[in-house]
Every structure is written in C-alpha cells, then in structure tokens.
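Enquirer: Just one file: my_file-v3.pdb, with PDB, C-alpha atoms and all ligand atoms.
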ATOM      1  CA  TRP A   9     -23.004 -12.754  -0.659
ATOM      2  CA  ALA A  10     -25.285 -15.672  -1.610
ATOM      3  CA  LEU A  11     -24.197 -15.338  -5.255
ATOM      4  CA  MET A  12     -20.521 -15.280  -4.238
ATOM      5  CA  ARG A  13     -20.765 -18.174  -1.778
ATOM      6  CA  PRO A  14     -19.842 -20.984  -4.274
ATOM      7  CA  THR A  15     -16.671 -19.099  -5.342
ATOM      8  CA  ILE A  16     -15.733 -18.301  -1.726
ATOM      9  CA  ASP A  17     -16.232 -21.983  -0.809
ATOM     10  CA  ALA A  18     -14.104 -23.096  -3.789
ATOM     11  CA  ILE A  19     -11.300 -20.705  -2.772
ATOM     12  CA  THR A  20     -11.436 -21.965   0.826
ATOM     13  CA  ARG A  21     -11.092 -25.561  -0.416
ATOM     14  CA  LEU A  22      -8.267 -24.667  -2.852
ATOM     15  CA  LYS A  23      -6.371 -22.839  -0.102
ATOM     16  CA  ARG A  24      -6.360 -26.065   1.927
ATOM     17  CA  GLU A  25      -5.351 -28.214  -1.056
ATOM     18  CA  ARG A  26      -2.556 -25.865  -2.116
ATOM     19  CA  ASN A  27      -1.424 -25.047   1.439
ATOM     20  CA  ALA A  28      -1.894 -21.390   0.484
ATOM     21  CA  VAL A  29      -2.497 -18.123   2.319
ATOM     22  CA  ILE A  30      -4.170 -15.037   0.902
ATOM     23  CA  LEU A  31      -2.681 -11.671   1.872
ATOM     24  CA  ALA A  32      -5.103  -8.839   1.078
ATOM     25  CA  HIS A  33      -4.556  -5.088   1.051
ATOM     26  CA  ASN A  34      -7.072  -2.838   2.813
ATOM     27  CA  TYR A  35      -8.292  -1.646  -0.626
ATOM     28  CA  MET A  36      -9.629  -5.044  -1.688
ATOM     29  CA  SER A  37     -13.374  -5.362  -2.216
ATOM     30  CA  PRO A  38     -15.344  -6.452   0.882
ATOM     31  CA  ALA A  39     -15.919  -9.923  -0.674
ATOM     32  CA  ILE A  40     -12.164 -10.542  -0.764
ATOM     33  CA  TYR A  41     -11.359  -8.691   2.471
ATOM     34  CA  HIS A  42     -14.042 -10.383   4.568
ATOM     35  CA  GLY A  43     -14.676 -13.507   2.485
ATOM     36  CA  VAL A  44     -11.328 -15.160   1.684
ATOM     37  CA  ALA A  45      -8.342 -13.177   3.062
ATOM     38  CA  ASP A  46      -6.185 -14.782   5.772
ATOM     39  CA  ILE A  47      -4.260 -11.611   6.518
ATOM     40  CA  VAL A  48      -5.349  -8.032   5.788
ATOM     41  CA  GLY A  49      -3.467  -4.797   6.296
ATOM     42  CA  ASP A  50      -1.540  -1.828   4.927
ATOM     43  CA  SER A  51       1.616  -2.273   2.833
ATOM     44  CA  LEU A  52       3.849  -2.412   5.899
ATOM     45  CA  ALA A  53       1.734  -5.057   7.643
ATOM     46  CA  LEU A  54       1.561  -7.140   4.459
ATOM     47  CA  ALA A  55       5.373  -7.017   4.079
ATOM     48  CA  ALA A  56       5.906  -7.937   7.743
ATOM     49  CA  GLN A  57       3.296 -10.699   7.598
ATOM     50  CA  ALA A  58       4.792 -12.092   4.387
ATOM     51  CA  VAL A  59       7.906 -12.944   6.421
ATOM     52  CA  GLU A  60       5.777 -14.948   8.868
ATOM     53  CA  ALA A  61       3.488 -16.514   6.252
ATOM     54  CA  GLN A  62       2.967 -20.260   6.662
ATOM     55  CA  GLY A  63       2.359 -22.642   3.772
ATOM     56  CA  ASP A  64       3.827 -23.152   0.310
ATOM     57  CA  VAL A  65       1.881 -20.583  -1.679
ATOM     58  CA  ILE A  66       1.088 -16.893  -1.127
ATOM     59  CA  VAL A  67      -1.684 -15.234  -3.126
ATOM     60  CA  MET A  68      -1.290 -11.460  -3.155
ATOM     61  CA  ALA A  69      -4.672  -9.778  -3.314
ATOM     62  CA  GLY A  70      -3.195  -6.351  -3.964
ATOM     63  CA  VAL A  71      -1.022  -4.789  -6.657
ATOM     64  CA  HIS A  72       2.130  -6.023  -8.362
ATOM     65  CA  PHE A  73       4.714  -4.297  -6.166
ATOM     66  CA  MET A  74       3.114  -5.931  -3.101
ATOM     67  CA  ALA A  75       3.480  -9.377  -4.696
ATOM     68  CA  GLU A  76       7.110  -8.595  -5.539
ATOM     69  CA  THR A  77       7.762  -7.616  -1.929
ATOM     70  CA  ALA A  78       6.202 -10.876  -0.724
ATOM     71  CA  LYS A  79       8.382 -12.822  -3.188
ATOM     72  CA  LEU A  80      11.530 -10.966  -2.090
ATOM     73  CA  LEU A  81      10.847 -12.020   1.477
ATOM     74  CA  ASN A  82       9.852 -15.597   0.529
ATOM     75  CA  PRO A  83      12.103 -16.628  -2.348
ATOM     76  CA  ALA A  84      11.344 -20.330  -1.859
ATOM     77  CA  LYS A  85       7.544 -19.934  -1.965
ATOM     78  CA  THR A  86       5.254 -19.674  -4.939
ATOM     79  CA  VAL A  87       3.817 -16.142  -5.009
ATOM     80  CA  LEU A  88       0.713 -15.743  -7.156
ATOM     81  CA  MET A  89      -0.559 -12.445  -8.546
ATOM     82  CA  PRO A  90      -4.134 -13.023  -9.782
ATOM     83  CA  ASP A  91      -3.776 -10.286 -12.442
ATOM     84  CA  LEU A  92      -0.265  -9.214 -13.483
ATOM     85  CA  LYS A  93      -1.680  -6.002 -14.934
ATOM     86  CA  ALA A  94      -2.584  -4.701 -11.455
ATOM     87  CA  GLY A  95       0.121  -2.031 -11.342
ATOM     88  CA  CYS A  96       0.471   1.349  -9.640
ATOM     89  CA  SER A  97       1.044   4.823 -11.111
ATOM     90  CA  LEU A  98       3.757   5.461  -8.515
ATOM     91  CA  ALA A  99       5.665   2.255  -9.310
ATOM     92  CA  GLU A 100       5.417   3.075 -13.020
ATOM     93  CA  SER A 101       6.831   6.596 -12.556
ATOM     94  CA  ILE A 102      10.450   5.518 -11.997
ATOM     95  CA  THR A 103      13.010   2.917 -13.121
ATOM     96  CA  GLY A 104      16.276   1.588 -11.693
ATOM     97  CA  ALA A 105      18.146   3.665 -14.320
ATOM     98  CA  ASP A 106      16.380   6.823 -13.039
ATOM     99  CA  VAL A 107      17.657   6.060  -9.521
ATOM    100  CA  ARG A 108      21.223   5.638 -10.795
ATOM    101  CA  ALA A 109      20.957   9.009 -12.573
ATOM    102  CA  LEU A 110      19.628  10.652  -9.376
ATOM    103  CA  ARG A 111      22.562   9.254  -7.400
ATOM    104  CA  ALA A 112      24.979  10.664  -9.978
ATOM    105  CA  ARG A 113      23.335  14.101  -9.576
ATOM    106  CA  HIS A 114      23.415  13.929  -5.742
ATOM    107  CA  PRO A 115      26.558  11.977  -4.837
ATOM    108  CA  GLY A 116      26.592  10.550  -1.314
ATOM    109  CA  VAL A 117      22.932  11.402  -0.571
ATOM    110  CA  PRO A 118      21.039   8.351   0.737
ATOM    111  CA  VAL A 119      17.976   7.175  -1.208
ATOM    112  CA  VAL A 120      14.688   6.114   0.358
ATOM    113  CA  ALA A 121      12.117   4.360  -1.843
ATOM    114  CA  TYR A 122       8.460   4.093  -1.011
ATOM    115  CA  VAL A 123       7.493   0.393  -1.311
ATOM    116  CA  ASN A 124       5.242   1.434  -4.214
ATOM    117  CA  THR A 125       8.176   0.755  -6.570
ATOM    118  CA  SER A 126       9.412  -2.173  -8.681
ATOM    119  CA  ALA A 127      12.046  -4.624  -7.405
ATOM    120  CA  ASP A 128      14.437  -3.025  -9.947
ATOM    121  CA  VAL A 129      14.094   0.298  -8.134
ATOM    122  CA  LYS A 130      14.299  -1.273  -4.669
ATOM    123  CA  ALA A 131      17.591  -2.881  -5.764
ATOM    124  CA  GLU A 132      19.115   0.585  -6.381
ATOM    125  CA  VAL A 133      18.147   2.309  -3.110
ATOM    126  CA  ASP A 134      19.428   2.289   0.468
ATOM    127  CA  ILE A 135      16.178   1.529   2.250
ATOM    128  CA  CYS A 136      12.431   1.248   1.630
ATOM    129  CA  CYS A 137       9.577   2.781   3.596
ATOM    130  CA  THR A 138       5.790   2.787   3.568
ATOM    131  CA  SER A 139       3.393   5.579   4.438
ATOM    132  CA  GLY A 140       3.221   3.960   7.904
ATOM    133  CA  ASN A 141       6.902   4.564   8.751
ATOM    134  CA  ALA A 142       8.257   7.074   6.178
ATOM    135  CA  VAL A 143       9.298   9.744   8.704
ATOM    136  CA  LYS A 144      10.905   7.178  11.006
ATOM    137  CA  VAL A 145      12.849   5.613   8.104
ATOM    138  CA  VAL A 146      14.098   9.001   6.838
ATOM    139  CA  GLU A 147      15.254   9.991  10.339
ATOM    140  CA  SER A 148      16.907   6.591  10.911
ATOM    141  CA  LEU A 149      19.508   7.510   8.269
ATOM    142  CA  ASN A 150      20.919  10.399  10.374
ATOM    143  CA  ALA A 151      21.640  12.355   7.190
ATOM    144  CA  PRO A 152      21.071  16.108   6.598
ATOM    145  CA  GLU A 153      19.375  15.379   3.254
ATOM    146  CA  VAL A 154      17.686  12.374   1.695
ATOM    147  CA  ILE A 155      16.388  11.541  -1.780
ATOM    148  CA  PHE A 156      12.797  10.360  -1.323
ATOM    149  CA  LEU A 157      11.039   8.689  -4.240
ATOM    150  CA  PRO A 158       8.784   8.358  -6.136
ATOM    151  CA  ASP A 159       5.747  10.047  -4.495
ATOM    152  CA  LYS A 160       6.161  13.816  -4.455
ATOM    153  CA  TYR A 161       3.170  14.289  -2.148
ATOM    154  CA  LEU A 162       4.354  11.723   0.399
ATOM    155  CA  ALA A 163       7.770  13.418   0.131
ATOM    156  CA  ALA A 164       6.153  16.793   0.904
ATOM    157  CA  TYR A 165       4.341  15.245   3.881
ATOM    158  CA  VAL A 166       7.598  13.760   5.228
ATOM    159  CA  ALA A 167       9.341  17.131   4.715
ATOM    160  CA  SER A 168       6.611  18.765   6.828
ATOM    161  CA  GLN A 169       7.313  16.349   9.703
ATOM    162  CA  THR A 170      11.123  16.397   9.850
ATOM    163  CA  SER A 171      14.086  18.769   9.645
ATOM    164  CA  VAL A 172      15.841  16.467   7.135
ATOM    165  CA  ARG A 173      15.987  18.135   3.687
ATOM    166  CA  ILE A 174      13.960  16.029   1.239
ATOM    167  CA  ILE A 175      14.832  15.766  -2.460
ATOM    168  CA  PRO A 176      11.667  14.448  -4.177
ATOM    169  CA  TRP A 177      10.818  12.686  -7.452
ATOM    170  CA  ASP A 178       7.804  13.708  -9.523
ATOM    171  CA  GLY A 179       5.576  10.626  -9.038
ATOM    172  CA  ARG A 180       1.921  10.750  -7.985
ATOM    173  CA  CYS A 181      -0.813   8.318  -7.061
ATOM    174  CA  GLU A 182      -3.477   8.572  -9.757
ATOM    175  CA  VAL A 183      -6.198   8.060  -7.141
ATOM    176  CA  HIS A 184      -5.118  10.319  -4.267
ATOM    177  CA  GLU A 185      -3.985  13.184  -6.511
ATOM    178  CA  GLN A 186      -7.620  13.677  -7.516
ATOM    179  CA  PHE A 187      -8.799  14.799  -4.078
ATOM    180  CA  THR A 188      -8.953  18.568  -3.502
ATOM    181  CA  ALA A 189      -9.257  20.872  -0.500
ATOM    182  CA  ALA A 190     -12.555  22.016  -2.082
ATOM    183  CA  ASP A 191     -13.903  18.420  -1.692
ATOM    184  CA  ILE A 192     -13.145  18.607   2.022
ATOM    185  CA  ALA A 193     -14.736  22.050   2.405
ATOM    186  CA  GLU A 194     -17.859  20.777   0.613
ATOM    187  CA  PHE A 195     -18.169  17.730   2.894
ATOM    188  CA  ARG A 196     -17.517  19.813   6.017
ATOM    189  CA  ALA A 197     -20.304  22.207   4.963
ATOM    190  CA  ALA A 198     -22.705  19.296   4.396
ATOM    191  CA  HIS A 199     -21.992  17.349   7.618
ATOM    192  CA  ASP A 200     -21.839  18.717  11.166
ATOM    193  CA  ASP A 201     -19.003  17.443  13.314
ATOM    194  CA  LEU A 202     -17.141  15.787  10.424
ATOM    195  CA  THR A 203     -13.728  14.197  11.051
ATOM    196  CA  VAL A 204     -11.490  14.138   7.964
ATOM    197  CA  ILE A 205      -8.659  11.599   7.797
ATOM    198  CA  ALA A 206      -6.429  11.480   4.740
ATOM    199  CA  HIS A 207      -3.766   9.265   3.231
ATOM    200  CA  PRO A 208      -0.399  11.069   2.897
ATOM    201  CA  GLU A 209      -0.390  10.354  -0.865
ATOM    202  CA  CYS A 210      -2.907  13.261  -1.068
ATOM    203  CA  PRO A 211      -1.710  16.732  -2.158
ATOM    204  CA  PRO A 212      -0.452  19.075   0.638
ATOM    205  CA  ASP A 213      -3.530  21.360   0.635
ATOM    206  CA  VAL A 214      -5.735  18.284   1.203
ATOM    207  CA  LEU A 215      -3.585  17.141   4.141
ATOM    208  CA  ALA A 216      -3.633  20.679   5.561
ATOM    209  CA  ALA A 217      -7.438  20.608   5.515
ATOM    210  CA  ALA A 218      -7.607  17.152   7.184
ATOM    211  CA  ASP A 219      -7.670  16.361  10.916
ATOM    212  CA  PHE A 220      -5.284  13.389  10.643
ATOM    213  CA  ALA A 221      -2.950  11.821   8.067
ATOM    214  CA  GLY A 222      -1.778   8.214   8.098
ATOM    215  CA  SER A 223      -1.423   4.927   6.255
ATOM    216  CA  THR A 224      -4.522   2.852   5.582
ATOM    217  CA  ALA A 225      -3.944   0.841   8.792
ATOM    218  CA  GLN A 226      -3.370   4.032  10.797
ATOM    219  CA  MET A 227      -6.614   5.487   9.434
ATOM    220  CA  GLN A 228      -8.441   2.318  10.435
ATOM    221  CA  GLU A 229      -6.870   2.459  13.913
ATOM    222  CA  PHE A 230      -7.924   6.105  14.227
ATOM    223  CA  VAL A 231     -11.570   5.197  13.589
ATOM    224  CA  ARG A 232     -11.397   2.141  15.879
ATOM    225  CA  THR A 233      -9.917   4.011  18.847
ATOM    226  CA  ARG A 234     -11.370   7.529  18.512
ATOM    227  CA  THR A 235     -14.869   6.396  17.401
ATOM    228  CA  PRO A 236     -15.671   9.607  15.491
ATOM    229  CA  LYS A 237     -19.357  10.210  14.682
ATOM    230  CA  THR A 238     -18.959  10.995  10.983
ATOM    231  CA  VAL A 239     -15.818  10.409   8.947
ATOM    232  CA  PHE A 240     -14.572  11.313   5.491
ATOM    233  CA  MET A 241     -11.689   8.931   4.726
ATOM    234  CA  VAL A 242      -9.782  10.679   1.960
ATOM    235  CA  THR A 243      -8.543   7.547   0.235
ATOM    236  CA  GLU A 244      -9.635   4.620  -1.963
ATOM    237  CA  CYS A 245     -13.254   4.031  -1.027
ATOM    238  CA  SER A 246     -13.112   0.261  -0.427
ATOM    239  CA  MET A 247     -11.443   1.172   2.886
ATOM    240  CA  SER A 248     -14.628   2.641   4.310
ATOM    241  CA  ASP A 249     -16.666  -0.308   3.013
ATOM    242  CA  ASN A 250     -14.309  -2.790   4.695
ATOM    243  CA  ILE A 251     -14.288  -1.203   8.129
ATOM    244  CA  THR A 252     -17.970  -0.259   8.333
ATOM    245  CA  ALA A 253     -18.804  -3.559  10.072
ATOM    246  CA  GLU A 254     -16.199  -3.132  12.829
ATOM    247  CA  SER A 255     -17.083   0.534  13.419
ATOM    248  CA  PRO A 256     -20.895   0.633  13.594
ATOM    249  CA  GLN A 257     -20.763   3.840  15.667
ATOM    250  CA  THR A 258     -19.256   5.764  12.734
ATOM    251  CA  THR A 259     -20.972   6.988   9.583
ATOM    252  CA  PHE A 260     -18.706   7.126   6.539
ATOM    253  CA  VAL A 261     -19.283   9.829   3.922
ATOM    254  CA  ARG A 262     -17.201  10.044   0.755
ATOM    255  CA  PRO A 263     -17.050  10.404  -2.991
ATOM    256  CA  CYS A 264     -16.267   6.892  -4.268
ATOM    257  CA  MET A 265     -12.739   6.909  -5.669
ATOM    258  CA  LEU A 266     -11.563   3.416  -6.653
ATOM    259  CA  CYS A 267      -8.018   2.344  -7.600
ATOM    260  CA  PRO A 268      -8.408   0.681 -11.026
ATOM    261  CA  HIS A 269      -5.377  -1.513 -10.333
ATOM    262  CA  MET A 270      -6.620  -2.831  -6.988
ATOM    263  CA  GLN A 271     -10.032  -3.457  -8.573
ATOM    264  CA  ARG A 272      -8.472  -5.876 -11.072
ATOM    265  CA  ILE A 273      -8.264  -8.465  -8.307
ATOM    266  CA  THR A 274     -11.504 -10.438  -8.069
ATOM    267  CA  LEU A 275     -12.775 -13.608  -6.418
ATOM    268  CA  ASP A 276     -12.770 -15.226  -9.867
ATOM    269  CA  ASN A 277      -9.127 -14.506 -10.673
ATOM    270  CA  ILE A 278      -8.049 -15.517  -7.141
ATOM    271  CA  ARG A 279      -9.807 -18.828  -7.703
ATOM    272  CA  THR A 280      -8.173 -19.309 -11.130
ATOM    273  CA  ALA A 281      -4.734 -18.479  -9.708
ATOM    274  CA  LEU A 282      -5.168 -21.136  -7.027
ATOM    275  CA  GLU A 283      -6.421 -23.679  -9.564
ATOM    276  CA  THR A 284      -3.589 -23.133 -12.067
ATOM    277  CA  LEU A 285      -0.822 -21.878  -9.709
ATOM    278  CA  GLU A 286      -0.338 -19.025 -12.227
ATOM    279  CA  PRO A 287       0.530 -16.210 -12.803
ATOM    280  CA  ARG A 288       3.635 -16.379 -10.601
ATOM    281  CA  VAL A 289       5.865 -13.501  -9.639
ATOM    282  CA  GLU A 290       9.568 -14.142 -10.282
ATOM    283  CA  ILE A 291      12.481 -11.775  -9.702
ATOM    284  CA  PRO A 292      16.002 -12.312 -11.123
ATOM    285  CA  ALA A 293      18.355 -13.446  -8.336
ATOM    286  CA  ASP A 294      20.821 -10.513  -8.549
ATOM    287  CA  VAL A 295      18.020  -7.916  -8.406
ATOM    288  CA  ALA A 296      16.223  -9.861  -5.666
ATOM    289  CA  ALA A 297      19.214  -9.983  -3.309
ATOM    290  CA  ARG A 298      19.730  -6.197  -3.420
ATOM    291  CA  ALA A 299      16.014  -5.353  -3.322
ATOM    292  CA  ARG A 300      15.480  -7.721  -0.371
ATOM    293  CA  ALA A 301      18.188  -5.899   1.602
ATOM    294  CA  SER A 302      16.315  -2.565   1.147
ATOM    295  CA  VAL A 303      13.053  -4.114   2.365
ATOM    296  CA  GLU A 304      14.729  -5.869   5.305
ATOM    297  CA  ARG A 305      16.357  -2.601   6.412
ATOM    298  CA  MET A 306      12.871  -1.059   6.434
ATOM    299  CA  LEU A 307      11.430  -3.921   8.489
ATOM    300  CA  ALA A 308      14.293  -3.528  11.004
ATOM    301  CA  VAL A 309      13.262   0.131  11.523
ATOM    302  CA  GLY A 310       9.672  -0.995  12.133
ATOM    303  CA  ARG A 311       6.527   1.109  12.423
TER     304      ARG A 311
HETATM  305  P1  LIG A 401      -0.808   1.817   2.655
HETATM  306  O1  LIG A 401       0.591   1.359   2.857
HETATM  307  O2  LIG A 401      -1.167   2.995   3.508
HETATM  308  O3  LIG A 401      -1.768   0.689   2.833
HETATM  309  O4  LIG A 401      -0.965   2.385   1.175
HETATM  310  C1  LIG A 401      -0.755   1.628   0.042
HETATM  311  C2  LIG A 401      -1.281   2.285  -1.155
HETATM  312  O5  LIG A 401      -1.119   1.845  -2.262
HETATM  313  C3  LIG A 401      -2.003   3.507  -0.941
HETATM  314  O6  LIG A 401      -2.504   3.985  -2.115
HETATM  315 FE1  LIG A 402      -0.861   2.877  -6.523
HETATM  316 FE2  LIG A 402      -2.526   4.806  -5.868
HETATM  317 FE3  LIG A 402      -3.505   2.462  -6.547
HETATM  318 FE4  LIG A 402      -2.229   2.748  -4.205
HETATM  319  S1  LIG A 402      -4.172   3.695  -4.817
HETATM  320  S2  LIG A 402      -1.946   1.105  -5.697
HETATM  321  S3  LIG A 402      -0.677   4.245  -4.764
HETATM  322  S4  LIG A 402      -2.350   3.846  -7.891
END
So, in terms of structure tokens, how does the structure I just supplied come out?
Expert:
Amino acid sequence: WALMRPTIDAITRLKRERNAVILAHNYMSPAIYHGVADIVGDSLALAAQAVEAQGDVIVMAGVHFMAETAKLLNPAKTVLMPDLKAGCSLAESITGADVRALRARHPGVPVVAYVNTSADVKAEVDICCTSGNAVKVVESLNAPEVIFLPDKYLAAYVASQTSVRIIPWDGRCEVHEQFTAADIAEFRAAHDDLTVIAHPECPPDVLAAADFAGSTAQMQEFVRTRTPKTVFMVTECSMSDNITAESPQTTFVRPCMLCPHMQRITLDNIRTALETLEPRVEIPADVAARARASVERMLAVGR
C-alpha cells in the first residue's frame, strides 16, 4: 500500500478536480476496490448505481460492456474506460446480426440478453438481465419459452430454476468454464466443513456440487450473513481478496483464477484516464436508444 499511496492520492485529487466517480466491479484488485472506488458491486448494482451517479464523469473500473451500460444510462456524462481492450468472452461470442438470425429462427419468442453483451446486442433484444436477477427477468415475460443469450451455463442454471423453456446460445465465460466438479471434490477432501459457493457462469456439474449459486454480490452477502468457517468461492479470485477484511471469521480457500480482462484495469490507467479524460465510451444514438430500453426494462424488474 505504501508504494501505491502516491497514485491513490493523485486519483483522489483528480476525482475532485474532474467531478468524477469511480464505479468498480467486485473483481477489481484490492487496491482499486478498497483504495479508490466510490461504488463497488456486481453488474446489477453497478448498472443501478450508474443511474444515480453524481458528477460529470464516470470511470468504469470493470470491463467494456459495463462501461457501455453506464454510458447508456448516462448519455450526457463522460464515461471513461481505462483500457478499451478489457473485453469479455461472453460479450465477444455474439453480435446484433446473430440475434436477428435467432429471431428469424424462433419467430415471436422473446429474447433475454445477459448484460455481458455489447450495446449492439442489447439493441436487438427485449430485455437484459444479470446473474443477480436472471430467473426473475425470464419469468417476468410470462412466456412459455425464451431465448436466453449468450451464456449457455447461465442459461442452464436458469432452466433448472424455472418451468419456462430456455433456448440457449453457445457462449461461455473463459474464467468460470475452467472450474470442474473435481476441483470441488479435491477442496472438500482437503478442508473439513467447507462451504462452496459458485457463480452461475460455472458449468452445471460445478453448480450441482456447490452449496449455493449467486451473483458476485449474492456470494458476498452469503458470506456476510451466514459467516461460514471455510469457503471456496468458485469465481474470479479477486472476490475473496476483496471481502477478506469484512469477513475475518471466514477463511477463503481457492485456486487463483483471474479474469485477464478485469486485470487490465490498474491504478495507473485509472489515473491516466482521469488526467486525459480518455478513452471515452461512445455509442451511436440509434443503437443507444434501443439498448437503453432493454437495460431500463431490466432495472424495472429489479433484483
Ligand atoms: P456479476 O454480475 O455476478 O458481478 O458477474 C459479472 C461477471 O462478469 C461475472 O464473471
Ligand atoms: Fe467476462 Fe468471465 Fe471476465 Fe466476467 S469473468 S468479465 S464473464 S470473461
């Protein structure tokens, strides 16, 4: 922390000068999460908080689709993305043209898009969801079947929780798809009384072997309220690092699986973004209007 202090102090000063807020996803490094973020949370919380954000500038310490969502909800503000290359394997798995082709194959079937998609994709769908409200969003449509994209594992999880027939897309999170049920068995054998909580982007056999599945904020809430003795959080490992301080009663065990896209965001590039007010996220007006409607419908459904 001593080495990072000058950069943290510079960012704090720049935030004041630029009238800026930093929104940070739960997967940011502890230096960002604890050192400079104004608001932290899962994708749903960051979208909801973006609507409320004060100031003229939003810095998204997260990945590109999160910055796009913040821009959709704040068209008049400057939204900075410290590294434009911070993408997401799910968002890259599908385009707006793919959604139009899916609709042609399944006429009249509503389309739900996970927020881990580009604004182009959000513009083509009926409603967005996050892992924190996917089942609720699907059921809000009152339809017998729903196209759910792009995460095939989140789609399988939703299908396991509802009677709505789910038509999936073949996208996967490059981080969560690497966990296996064998990893869980190994950790359970090595630690007595282990509680396993997994993100629903994990494959179905991993979720079946876990004690709880939920979004990053729901996992954090689980640890905060249930105070388990030893936990394996089956997700990006910065999560455990970030919540260790608030949950001293819990020991976190894990293999360290980092999201290479989230890790692109650093104190240094946050500082540069605030100094230069670049790179900015911009979305063409026609795409933005339709994509915003999909996100706003999701926020109306809530958590
Ligand atoms: P959450 O919405 O649960 O924070 O997940 C976002 C994400 O990218 C998970 O990999
Ligand atoms: Fe995308 Fe997976 Fe990284 Fe989340 S952890 S941003 S879903 S690649």
Enquirer: On this structure, the PyMOL selection byres (((not hetatm)) within 8 of (chain A and resi 402)) would catch which residues? List them as a list in words, sorted by chain and number.
Expert: Tyr35, Gly70, Val71, Gly95, Cys96, Ser97, Leu98, Ala99, Asn124, Arg180, Cys181, Glu182, Val183, His184, Glu209, Thr243, Glu244, Leu266, Cys267, Pro268, His269 and Met270 of chain A
Enquirer: Near Arg262 in chain A, within 9 Å and counting only C-alpha atoms, which residues show up once chain neighbours fewer than 5 positions away are dropped, as a VMD selection string?
Expert: chain A and resid 195 239 to 242 245 248
Enquirer: Once you count only C-alpha atoms and all ligand atoms, which residues end up within 7 Å of ligand LIG 401 (chain A), and could you hand them over as a PyMOL selection string?
Expert: chain A and resi 33-34+49-52+124+138-140+181+207+209+222-225
Enquirer: If you measure from CA of Gly179 in chain A to CA of Arg108 in chain A, what distance in Å do you get, rounded to one decimal?
Expert: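 Those two atoms sit 16.5 Å apart.
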Enquirer: For this structure, which residues satisfy the selection - the PyMOL selection byres (((chain A and resi 27) around 12) and not hetatm) - when it is evaluated on the file as given? I want them as a list in words.
Expert: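 Against this file, the PyMOL selection byres (((chain A and resi 27) around 12) and not hetatm) returns the residues Ile19, Thr20, Arg21, Leu22, Lys23, Arg24, Glu25, Arg26, Ala28, Val29, Ile30, Ala61, Gln62, Gly63, Asp64, Val65, Ile66, Val67, Lys85, Thr86, Leu282 and Leu285 of chain A.
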Enquirer: I need the residue set behind the PyMOL selection byres (((chain A and resi 133) around 10) and not hetatm) for this file; please write it as number ranges by chain.
Expert: A: 104, 107-108, 111, 118-121, 128-132, 134-136, 155-157, 298-299, 301-303
Enquirer: How far is it from CA of Ala197 in chain A to CA of Thr233 in chain A, in Å with one decimal?
Expert: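 Taking CA of Ala197 in chain A and CA of Thr233 in chain A, their separation equals 25.1 Å.
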Enquirer: Can you work out which one of A:Ala151, A:Thr15, A:Gly43, A:Pro208 has the shortest atom-to-atom distance to Gly116 in chain A, counting only C-alpha atoms?
Expert: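 For Gly116 in chain A, the nearest of the candidates is A:Ala151.
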Enquirer: For Met74 in chain A, which residue out of A:Ser37, A:Asn150, A:Ser246, A:Thr125 is the nearest one, using all atoms listed in the file?
Expert: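 Of A:Ser37, A:Asn150, A:Ser246, A:Thr125, the one nearest Met74 in chain A is A:Thr125, counting all atoms listed in the file.
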Enquirer: For each of A:Ala10, A:Val166, A:Val172, A:Met247, take the minimum atom-to-atom distance to Pro152 in chain A, counting only C-alpha atoms, then give the residue where this is smallest.
Expert: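 The answer is A:Val172, which sits nearest to Pro152 in chain A.
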Enquirer: With all atoms listed in the file as the atoms that count, which of A:Val289, A:Val309, A:Val44, A:Ala109 lies nearest to Phe73 in chain A?
Expert: A:Val289
Enquirer: Is it possible to get the axis-aligned box enclosing range 281-289 of chain A (all listed atoms, 3 Å extra per side) as JSON, with centre and edge lengths in Å rounded to one decimal?
Expert:
{"center_x": -0.3, "center_y": -18.6, "center_z": -9.9, "size_x": 18.3, "size_y": 16.2, "size_z": 11.8}
Enquirer: I need the residue nearest Ala218 in chain A from this list: A:Ala253, A:Ala206, A:Ala55, A:Cys137. Use all atoms listed in the file for the distance.
Expert: A:Ala206
Enquirer: To one decimal place, how far is CA of Gln186 in chain A from CA of Tyr122 in chain A in Å?
Expert: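 For CA of Gln186 in chain A relative to CA of Tyr122 in chain A, the distance reads 19.8 Å.
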Enquirer: Pick out the residues sitting within 7 Å of Ala32 in chain A, and hand them over as a short mmCIF file (atom, residue, chain, number, x, y, z; two decimals) with C-alpha atoms, keeping the file's coordinate frame; count only C-alpha atoms, and ignore anything fewer than 4 positions along from it in its own chain.
Expert:
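Okay, around.cif is ready:
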data_model
loop_
_atom_site.label_atom_id
_atom_site.label_comp_id
_atom_site.auth_asym_id
_atom_site.auth_seq_id
_atom_site.Cartn_x
_atom_site.Cartn_y
_atom_site.Cartn_z
CA MET A 36 -9.63 -5.04 -1.69
CA TYR A 41 -11.36 -8.69 2.47
CA ALA A 45 -8.34 -13.18 3.06
CA ILE A 47 -4.26 -11.61 6.52
CA VAL A 48 -5.35 -8.03 5.79
CA GLY A 49 -3.47 -4.80 6.30
CA MET A 68 -1.29 -11.46 -3.16
CA ALA A 69 -4.67 -9.78 -3.31
CA GLY A 70 -3.20 -6.35 -3.96
#
Enquirer: Could you complete range 133-143 of chain A so that it carries N, CA and C atoms, and give it back as a compact mmCIF listing (two decimals), in the coordinates of the input?
Expert:
# COMPACT_ATOMS: atom_id res chain seq x y z
N VAL A 133 18.28 1.31 -4.19
CA VAL A 133 18.15 2.31 -3.11
C VAL A 133 18.76 1.80 -1.81
N ASP A 134 18.82 2.68 -0.80
CA ASP A 134 19.43 2.29 0.47
C ASP A 134 18.42 1.60 1.39
N ILE A 135 17.19 2.06 1.33
CA ILE A 135 16.18 1.53 2.25
C ILE A 135 14.79 1.83 1.68
N CYS A 136 13.82 0.99 2.02
CA CYS A 136 12.43 1.25 1.63
C CYS A 136 11.67 1.83 2.81
N CYS A 137 10.48 2.35 2.53
CA CYS A 137 9.58 2.78 3.60
C CYS A 137 8.16 2.59 3.09
N THR A 138 7.19 2.72 3.99
CA THR A 138 5.79 2.79 3.57
C THR A 138 5.24 4.09 4.15
N SER A 139 3.97 4.36 3.87
CA SER A 139 3.39 5.58 4.44
C SER A 139 3.28 5.44 5.96
N GLY A 140 3.35 4.19 6.46
CA GLY A 140 3.22 3.96 7.90
C GLY A 140 4.50 4.24 8.68
N ASN A 141 5.65 4.34 7.99
CA ASN A 141 6.90 4.56 8.75
C ASN A 141 7.88 5.49 8.01
N ALA A 142 7.37 6.27 7.04
CA ALA A 142 8.26 7.07 6.18
C ALA A 142 9.13 8.05 6.98
N VAL A 143 8.54 8.74 7.94
CA VAL A 143 9.30 9.74 8.70
C VAL A 143 10.37 9.03 9.54
